[in-house]
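Undergrad: Have a peek at run37.cif (mmCIF, C-alpha atoms and all ligand atoms).
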```
data_run
#
loop_
_atom_site.group_PDB
_atom_site.id
_atom_site.type_symbol
_atom_site.label_atom_id
_atom_site.label_comp_id
_atom_site.auth_asym_id
_atom_site.auth_seq_id
_atom_site.Cartn_x
_atom_site.Cartn_y
_atom_site.Cartn_z
ATOM 1 C CA MET V 1 0.000 0.000 0.000
ATOM 2 C CA ARG V 2 1.249 3.461 -0.890
ATOM 3 C CA HIS V 3 0.535 6.795 0.705
ATOM 4 C CA CYS V 4 0.070 10.224 -0.813
ATOM 5 C CA PRO V 5 3.216 12.380 -0.204
ATOM 6 C CA ARG V 6 1.014 15.448 0.350
ATOM 7 C CA CYS V 7 -1.885 14.316 2.571
ATOM 8 C CA GLY V 8 -0.835 10.821 3.660
ATOM 9 C CA ALA V 9 -4.019 9.104 2.445
ATOM 10 C CA SER V 10 -3.747 5.644 0.951
ATOM 11 C CA SER V 11 -3.048 5.847 -2.762
ATOM 12 C CA ASP V 12 -2.109 3.581 -5.659
ATOM 13 C CA ALA V 13 1.471 3.116 -6.803
ATOM 14 C CA PRO V 14 2.537 5.847 -9.241
ATOM 15 C CA PRO V 15 1.492 6.967 -11.747
ATOM 16 C CA ALA V 16 -1.667 7.774 -9.823
ATOM 17 C CA ALA V 17 -3.772 10.591 -8.429
ATOM 18 C CA CYS V 18 -4.498 10.569 -4.694
ATOM 19 C CA PRO V 19 -8.178 9.621 -4.139
ATOM 20 C CA ALA V 20 -8.355 12.017 -1.167
ATOM 21 C CA CYS V 21 -6.658 15.215 -2.382
ATOM 22 C CA GLY V 22 -5.994 14.691 -6.078
ATOM 23 C CA TYR V 23 -2.201 15.011 -5.791
ATOM 24 C CA GLU V 24 -0.619 13.327 -8.816
ATOM 25 C CA THR V 25 2.532 11.217 -8.632
ATOM 26 C CA PHE V 26 4.564 9.977 -11.587
ATOM 27 C CA VAL V 27 7.430 7.605 -12.281
ATOM 28 C CA ASN V 28 10.198 9.705 -13.820
ATOM 29 C CA PRO V 29 13.797 8.675 -14.450
ATOM 30 C CA ARG V 30 16.412 10.273 -12.196
ATOM 31 C CA PRO V 31 19.312 11.776 -14.148
ATOM 32 C CA THR V 32 22.929 10.911 -13.442
ATOM 33 C CA GLY V 33 26.250 12.145 -14.832
ATOM 34 C CA THR V 34 29.073 9.664 -15.490
ATOM 35 C CA VAL V 35 32.535 9.883 -17.023
ATOM 36 C CA VAL V 36 34.528 7.577 -19.257
ATOM 37 C CA VAL V 37 38.124 8.538 -18.447
ATOM 38 C CA LEU V 38 40.140 7.670 -21.542
ATOM 39 C CA ASP V 39 43.855 7.098 -22.005
ATOM 40 C CA GLY V 40 44.521 5.908 -25.543
ATOM 41 C CA ASP V 41 42.807 2.550 -25.929
ATOM 42 C CA ARG V 42 42.198 2.157 -22.190
ATOM 43 C CA PHE V 43 39.649 3.545 -19.748
ATOM 44 C CA LEU V 44 39.423 3.876 -15.987
ATOM 45 C CA VAL V 45 37.243 1.689 -13.782
ATOM 46 C CA ILE V 46 36.796 1.771 -10.021
ATOM 47 C CA ARG V 47 35.574 -1.001 -7.778
ATOM 48 C CA ARG V 48 32.345 -0.085 -6.007
ATOM 49 C CA ALA V 49 32.823 0.269 -2.259
ATOM 50 C CA ARG V 50 29.118 0.233 -1.399
ATOM 51 C CA PRO V 51 25.770 -1.233 -2.477
ATOM 52 C CA PRO V 52 24.135 -1.691 -4.889
ATOM 53 C CA GLN V 53 26.516 -3.840 -6.946
ATOM 54 C CA GLN V 54 29.248 -3.512 -4.320
ATOM 55 C CA GLY V 55 32.533 -5.024 -5.486
ATOM 56 C CA LEU V 56 31.828 -4.695 -9.206
ATOM 57 C CA TRP V 57 33.752 -2.394 -11.540
ATOM 58 C CA GLU V 58 32.069 0.833 -12.540
ATOM 59 C CA LEU V 59 32.670 4.260 -14.051
ATOM 60 C CA PRO V 60 32.932 7.381 -11.862
ATOM 61 C CA GLY V 61 29.673 9.305 -11.592
ATOM 62 C CA GLY V 62 26.493 9.790 -9.651
ATOM 63 C CA PHE V 63 23.103 11.411 -9.255
ATOM 64 C CA CYS V 64 22.327 15.021 -10.030
ATOM 65 C CA ASP V 65 21.865 17.133 -6.931
ATOM 66 C CA GLY V 66 18.732 19.283 -7.149
ATOM 67 C CA TRP V 67 18.928 21.433 -10.286
ATOM 68 C CA GLU V 68 22.429 20.327 -11.199
ATOM 69 C CA HIS V 69 23.134 19.640 -14.877
ATOM 70 C CA PRO V 70 24.268 16.039 -15.490
ATOM 71 C CA ARG V 71 27.590 17.255 -16.884
ATOM 72 C CA ASP V 72 28.214 19.238 -13.702
ATOM 73 C CA ALA V 73 27.223 16.199 -11.628
ATOM 74 C CA ALA V 74 29.708 14.092 -13.587
ATOM 75 C CA ALA V 75 32.506 16.626 -12.978
ATOM 76 C CA ARG V 76 31.656 16.930 -9.277
ATOM 77 C CA GLU V 77 31.410 13.188 -8.703
ATOM 78 C CA ALA V 78 34.695 12.576 -10.542
ATOM 79 C CA ARG V 79 36.363 15.251 -8.381
ATOM 80 C CA GLU V 80 34.994 13.609 -5.217
ATOM 81 C CA GLU V 81 35.884 10.059 -6.272
ATOM 82 C CA LEU V 82 39.200 10.636 -8.045
ATOM 83 C CA GLY V 83 40.475 13.855 -6.505
ATOM 84 C CA VAL V 84 41.034 15.496 -9.877
ATOM 85 C CA ASP V 85 39.299 17.984 -12.186
ATOM 86 C CA LEU V 86 38.995 16.096 -15.460
ATOM 87 C CA ASP V 87 39.216 17.574 -18.952
ATOM 88 C CA PHE V 88 35.866 17.025 -20.639
ATOM 89 C CA GLY V 89 35.498 15.904 -24.244
ATOM 90 C CA ALA V 90 32.402 14.891 -26.192
ATOM 91 C CA PHE V 91 29.032 13.773 -24.894
ATOM 92 C CA ILE V 92 28.832 10.028 -25.527
ATOM 93 C CA GLY V 93 25.110 9.445 -25.079
ATOM 94 C CA MET V 94 22.418 8.619 -22.542
ATOM 95 C CA TRP V 95 20.670 5.415 -21.665
ATOM 96 C CA ILE V 96 17.781 4.443 -19.394
ATOM 97 C CA GLY V 97 18.751 2.069 -16.615
ATOM 98 C CA ALA V 98 17.410 0.539 -13.413
ATOM 99 C CA TYR V 99 18.739 1.380 -9.962
ATOM 100 C CA GLU V 100 17.890 -0.386 -6.710
ATOM 101 C CA PHE V 101 17.292 2.208 -4.047
ATOM 102 C CA GLN V 102 15.589 1.829 -0.665
ATOM 103 C CA ASP V 103 13.737 -1.400 -1.526
ATOM 104 C CA GLU V 104 12.629 -0.025 -4.881
ATOM 105 C CA THR V 105 13.911 -0.319 -8.421
ATOM 106 C CA VAL V 106 13.756 3.137 -9.963
ATOM 107 C CA PRO V 107 14.434 4.273 -13.531
ATOM 108 C CA VAL V 108 17.548 6.372 -14.087
ATOM 109 C CA LEU V 109 18.737 8.388 -17.088
ATOM 110 C CA ASP V 110 22.488 7.813 -17.233
ATOM 111 C CA CYS V 111 24.402 10.493 -19.196
ATOM 112 C CA PHE V 112 28.023 9.878 -20.206
ATOM 113 C CA TRP V 113 30.939 12.126 -21.181
ATOM 114 C CA ALA V 114 34.369 11.283 -22.512
ATOM 115 C CA THR V 115 37.116 12.768 -20.356
ATOM 116 C CA ARG V 116 40.805 12.498 -19.615
ATOM 117 C CA VAL V 117 43.119 13.227 -16.713
ATOM 118 C CA PRO V 118 44.846 16.593 -17.318
ATOM 119 C CA ALA V 119 48.587 16.442 -17.956
ATOM 120 C CA GLY V 120 50.476 16.484 -14.676
ATOM 121 C CA ALA V 121 47.414 15.661 -12.539
ATOM 122 C CA ALA V 122 47.309 12.580 -10.347
ATOM 123 C CA ILE V 123 44.338 10.462 -9.284
ATOM 124 C CA THR V 124 43.728 9.953 -5.572
ATOM 125 C CA LEU V 125 40.923 7.432 -5.130
ATOM 126 C CA ASP V 126 38.466 8.150 -2.309
ATOM 127 C CA PRO V 127 38.270 4.822 -0.431
ATOM 128 C CA ALA V 128 34.664 5.549 0.556
ATOM 129 C CA GLU V 129 33.750 5.546 -3.154
ATOM 130 C CA GLY V 130 36.040 2.936 -4.606
ATOM 131 C CA SER V 131 38.207 0.193 -3.133
ATOM 132 C CA ALA V 132 40.477 -0.109 -6.202
ATOM 133 C CA LEU V 133 41.035 1.392 -9.629
ATOM 134 C CA ALA V 134 42.314 -0.045 -12.881
ATOM 135 C CA TRP V 135 42.933 0.968 -16.470
ATOM 136 C CA VAL V 136 41.300 -1.614 -18.719
ATOM 137 C CA PRO V 137 41.238 -2.050 -22.506
ATOM 138 C CA LEU V 138 38.273 -0.660 -24.434
ATOM 139 C CA SER V 139 38.478 -3.773 -26.602
ATOM 140 C CA ASP V 140 38.098 -6.192 -23.678
ATOM 141 C CA PRO V 141 36.454 -4.503 -20.688
ATOM 142 C CA PRO V 142 35.532 -6.365 -17.493
ATOM 143 C CA PRO V 143 31.833 -6.759 -16.619
ATOM 144 C CA LEU V 144 30.559 -3.408 -15.356
ATOM 145 C CA ALA V 145 28.115 -2.780 -12.513
ATOM 146 C CA PHE V 146 25.343 -1.351 -14.710
ATOM 147 C CA PRO V 147 24.272 -2.206 -18.280
ATOM 148 C CA THR V 148 24.124 1.497 -19.247
ATOM 149 C CA MET V 149 27.878 1.703 -18.565
ATOM 150 C CA GLU V 150 28.473 -1.186 -20.922
ATOM 151 C CA SER V 151 26.353 0.583 -23.552
ATOM 152 C CA ALA V 152 28.484 3.713 -23.162
ATOM 153 C CA ILE V 153 31.714 1.737 -23.546
ATOM 154 C CA ARG V 154 30.368 0.064 -26.691
ATOM 155 C CA GLU V 155 29.603 3.523 -28.081
ATOM 156 C CA VAL V 156 33.092 4.789 -27.228
ATOM 157 C CA ARG V 157 34.657 1.725 -28.835
ATOM 158 C CA ARG V 158 33.056 2.614 -32.174
ATOM 159 C CA SER V 159 35.267 5.700 -32.528
ATOM 160 C CA PRO V 160 37.203 6.744 -29.411
ATOM 161 C CA GLY V 161 39.254 9.287 -31.376
ATOM 162 C CA ARG V 162 36.340 11.628 -31.989
ATOM 163 C CA LEU V 163 35.408 11.786 -28.281
ATOM 164 C CA VAL V 164 38.610 12.629 -26.428
ATOM 165 C CA PRO V 165 39.232 16.162 -25.172
HETATM 166 ZN ZN ZN Z 1 -3.440 13.209 -1.056
#
```
Translate this file's structure into structure tokens.
TA:
Amino acid sequence: MRHCPRCGASSDAPPAACPACGYETFVNPRPTGTVVVLDGDRFLVIRRARPPQQGLWELPGGFCDGWEHPRDAAAREAREELGVDLDFGAFIGMWIGAYEFQDETVPVLDCFWATRVPAGAAITLDPAEGSALAWVPLSDPPPLAFPTMESAIREVRRSPGRLVP
């Protein structure tokens, strides 16, 4: 049983209008910003330090905060996770995915940018975000935590040269 977020009356699962007050709820994807950090024919992966998918390899990124643009979220999350301000290249694409959050599976809109580490900058992995990092070949990537990340890598593999900063 669900409850209306405005008046607390019992209501159907979204999309629905509350039978008591008419408040409408919808199922909308939540946007994220994610980076593919490229170095020639390799890219950076980090091992997830927390659920969901803890222990699997993933790309740096995360959810948009309030009104934040996905590209800004990607830059912020990369700074938090890797300790570096990345150089941004081309937008790779966006894919709809599923994310398990607080006993629910919610739709997400994952947006990806090609990036690189600026010359002279060094990565310092935040252990709260990732327990390890690795540079892996675009041609033979490990399984990634989310299918949208694998879609982004397939897109990059088609023509990495046009995407790099
Ligand atoms: Zn209501």
Undergrad: Give the residue list for ligand ZN 1 (chain Z) at 6 Å, counting only C-alpha atoms and all ligand atoms, as number ranges by chain, sorted by chain and then by residue number.
TA: V: 4, 6-9, 18, 20-23
Undergrad: Provide the atom CA of Leu59 of chain V to atom CA of Arg158 of chain V distance in Å, to one decimal place.
TA: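 Going from atom CA of Leu59 of chain V over to atom CA of Arg158 of chain V, I get 18.2 Å.
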Undergrad: Would you kindly return, as an MDAnalysis selection string, each protein, DNA or RNA residue with an atom no farther than 12 Å from any atom of Thr105 of chain V, considering only C-alpha atoms and excluding same-chain residues fewer than 3 positions away?
TA: chainID V and resid 27:30 52 97:102 108
Undergrad: How many Å lie between atom CA of Pro127 of chain V and atom CA of Pro143 of chain V, rounded to one decimal?
TA: 20.9 Å
Undergrad: I need every residue sitting at most 6 Å from the point (31.2, 14.2, -31.1) (coordinates as in the file, all atoms listed in the file considered), written as a list in words.
TA: Ala90, Arg162 and Leu163 of chain V
Undergrad: Would you mind listing what lies within 7 Å of segment 112-125 of chain V as a VMD selection string, with all atoms listed in the file counted and same-chain residues fewer than 5 positions away left out?
TA: chain V and resid 33 to 39 81 to 84 86 to 94 130 152 163 to 165
Undergrad: Take the residues just selected and output them with C-alpha atoms as a PDB file, in the frame of the given file.
TA:
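File written: out18.pdb
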```pdb
ATOM      1  CA  GLY V  33      26.250  12.145 -14.832  1.00  0.00           C
ATOM      2  CA  THR V  34      29.073   9.664 -15.490  1.00  0.00           C
ATOM      3  CA  VAL V  35      32.535   9.883 -17.023  1.00  0.00           C
ATOM      4  CA  VAL V  36      34.528   7.577 -19.257  1.00  0.00           C
ATOM      5  CA  VAL V  37      38.124   8.538 -18.447  1.00  0.00           C
ATOM      6  CA  LEU V  38      40.140   7.670 -21.542  1.00  0.00           C
ATOM      7  CA  ASP V  39      43.855   7.098 -22.005  1.00  0.00           C
ATOM      8  CA  GLU V  81      35.884  10.059  -6.272  1.00  0.00           C
ATOM      9  CA  LEU V  82      39.200  10.636  -8.045  1.00  0.00           C
ATOM     10  CA  GLY V  83      40.475  13.855  -6.505  1.00  0.00           C
ATOM     11  CA  VAL V  84      41.034  15.496  -9.877  1.00  0.00           C
ATOM     12  CA  LEU V  86      38.995  16.096 -15.460  1.00  0.00           C
ATOM     13  CA  ASP V  87      39.216  17.574 -18.952  1.00  0.00           C
ATOM     14  CA  PHE V  88      35.866  17.025 -20.639  1.00  0.00           C
ATOM     15  CA  GLY V  89      35.498  15.904 -24.244  1.00  0.00           C
ATOM     16  CA  ALA V  90      32.402  14.891 -26.192  1.00  0.00           C
ATOM     17  CA  PHE V  91      29.032  13.773 -24.894  1.00  0.00           C
ATOM     18  CA  ILE V  92      28.832  10.028 -25.527  1.00  0.00           C
ATOM     19  CA  GLY V  93      25.110   9.445 -25.079  1.00  0.00           C
ATOM     20  CA  MET V  94      22.418   8.619 -22.542  1.00  0.00           C
ATOM     21  CA  GLY V 130      36.040   2.936  -4.606  1.00  0.00           C
ATOM     22  CA  ALA V 152      28.484   3.713 -23.162  1.00  0.00           C
ATOM     23  CA  LEU V 163      35.408  11.786 -28.281  1.00  0.00           C
ATOM     24  CA  VAL V 164      38.610  12.629 -26.428  1.00  0.00           C
ATOM     25  CA  PRO V 165      39.232  16.162 -25.172  1.00  0.00           C
TER      26      PRO V 165
END
```
Undergrad: With N, CA and C atoms as the target, complete segment 46-62 of chain V and hand it back as a PDB file, in the frame of the given file.
TA:
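Output below, filename result.pdb:
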```
ATOM      1  N   ILE V  46      36.581   1.856 -11.467  1.00  0.00           N
ATOM      2  CA  ILE V  46      36.796   1.771 -10.021  1.00  0.00           C
ATOM      3  C   ILE V  46      35.866   0.694  -9.460  1.00  0.00           C
ATOM      4  N   ARG V  47      36.347   0.091  -8.384  1.00  0.00           N
ATOM      5  CA  ARG V  47      35.574  -1.001  -7.778  1.00  0.00           C
ATOM      6  C   ARG V  47      34.641  -0.417  -6.737  1.00  0.00           C
ATOM      7  N   ARG V  48      33.343  -0.689  -6.895  1.00  0.00           N
ATOM      8  CA  ARG V  48      32.345  -0.085  -6.007  1.00  0.00           C
ATOM      9  C   ARG V  48      32.572  -0.493  -4.560  1.00  0.00           C
ATOM     10  N   ALA V  49      32.576   0.523  -3.676  1.00  0.00           N
ATOM     11  CA  ALA V  49      32.823   0.269  -2.259  1.00  0.00           C
ATOM     12  C   ALA V  49      31.523   0.150  -1.478  1.00  0.00           C
ATOM     13  N   ARG V  50      30.377   0.300  -2.142  1.00  0.00           N
ATOM     14  CA  ARG V  50      29.118   0.233  -1.399  1.00  0.00           C
ATOM     15  C   ARG V  50      27.991  -0.272  -2.304  1.00  0.00           C
ATOM     16  N   PRO V  51      26.890  -0.727  -1.693  1.00  0.00           N
ATOM     17  CA  PRO V  51      25.770  -1.233  -2.477  1.00  0.00           C
ATOM     18  C   PRO V  51      25.088  -0.103  -3.244  1.00  0.00           C
ATOM     19  N   PRO V  52      24.297  -0.353  -4.286  1.00  0.00           N
ATOM     20  CA  PRO V  52      24.135  -1.691  -4.889  1.00  0.00           C
ATOM     21  C   PRO V  52      25.346  -2.060  -5.740  1.00  0.00           C
ATOM     22  N   GLN V  53      25.447  -3.342  -6.072  1.00  0.00           N
ATOM     23  CA  GLN V  53      26.516  -3.840  -6.946  1.00  0.00           C
ATOM     24  C   GLN V  53      27.895  -3.663  -6.324  1.00  0.00           C
ATOM     25  N   GLN V  54      27.967  -3.674  -4.999  1.00  0.00           N
ATOM     26  CA  GLN V  54      29.248  -3.512  -4.320  1.00  0.00           C
ATOM     27  C   GLN V  54      30.246  -4.560  -4.816  1.00  0.00           C
ATOM     28  N   GLY V  55      31.488  -4.105  -5.065  1.00  0.00           N
ATOM     29  CA  GLY V  55      32.533  -5.024  -5.486  1.00  0.00           C
ATOM     30  C   GLY V  55      32.680  -5.156  -6.979  1.00  0.00           C
ATOM     31  N   LEU V  56      31.716  -4.640  -7.751  1.00  0.00           N
ATOM     32  CA  LEU V  56      31.828  -4.695  -9.206  1.00  0.00           C
ATOM     33  C   LEU V  56      32.532  -3.438  -9.721  1.00  0.00           C
ATOM     34  N   TRP V  57      33.115  -3.536 -10.903  1.00  0.00           N
ATOM     35  CA  TRP V  57      33.752  -2.394 -11.540  1.00  0.00           C
ATOM     36  C   TRP V  57      32.693  -1.435 -12.084  1.00  0.00           C
ATOM     37  N   GLU V  58      32.998  -0.157 -12.000  1.00  0.00           N
ATOM     38  CA  GLU V  58      32.069   0.833 -12.540  1.00  0.00           C
ATOM     39  C   GLU V  58      32.843   2.039 -13.038  1.00  0.00           C
ATOM     40  N   LEU V  59      32.111   2.979 -13.621  1.00  0.00           N
ATOM     41  CA  LEU V  59      32.670   4.260 -14.051  1.00  0.00           C
ATOM     42  C   LEU V  59      32.353   5.305 -12.992  1.00  0.00           C
ATOM     43  N   PRO V  60      33.220   6.326 -12.837  1.00  0.00           N
ATOM     44  CA  PRO V  60      32.932   7.381 -11.862  1.00  0.00           C
ATOM     45  C   PRO V  60      31.701   8.193 -12.277  1.00  0.00           C
ATOM     46  N   GLY V  61      30.858   8.509 -11.290  1.00  0.00           N
ATOM     47  CA  GLY V  61      29.673   9.305 -11.592  1.00  0.00           C
ATOM     48  C   GLY V  61      28.674   9.211 -10.466  1.00  0.00           C
ATOM     49  N   GLY V  62      27.514   9.855 -10.679  1.00  0.00           N
ATOM     50  CA  GLY V  62      26.493   9.790  -9.651  1.00  0.00           C
ATOM     51  C   GLY V  62      25.282  10.638  -9.996  1.00  0.00           C
TER      52      GLY V  62
END
```
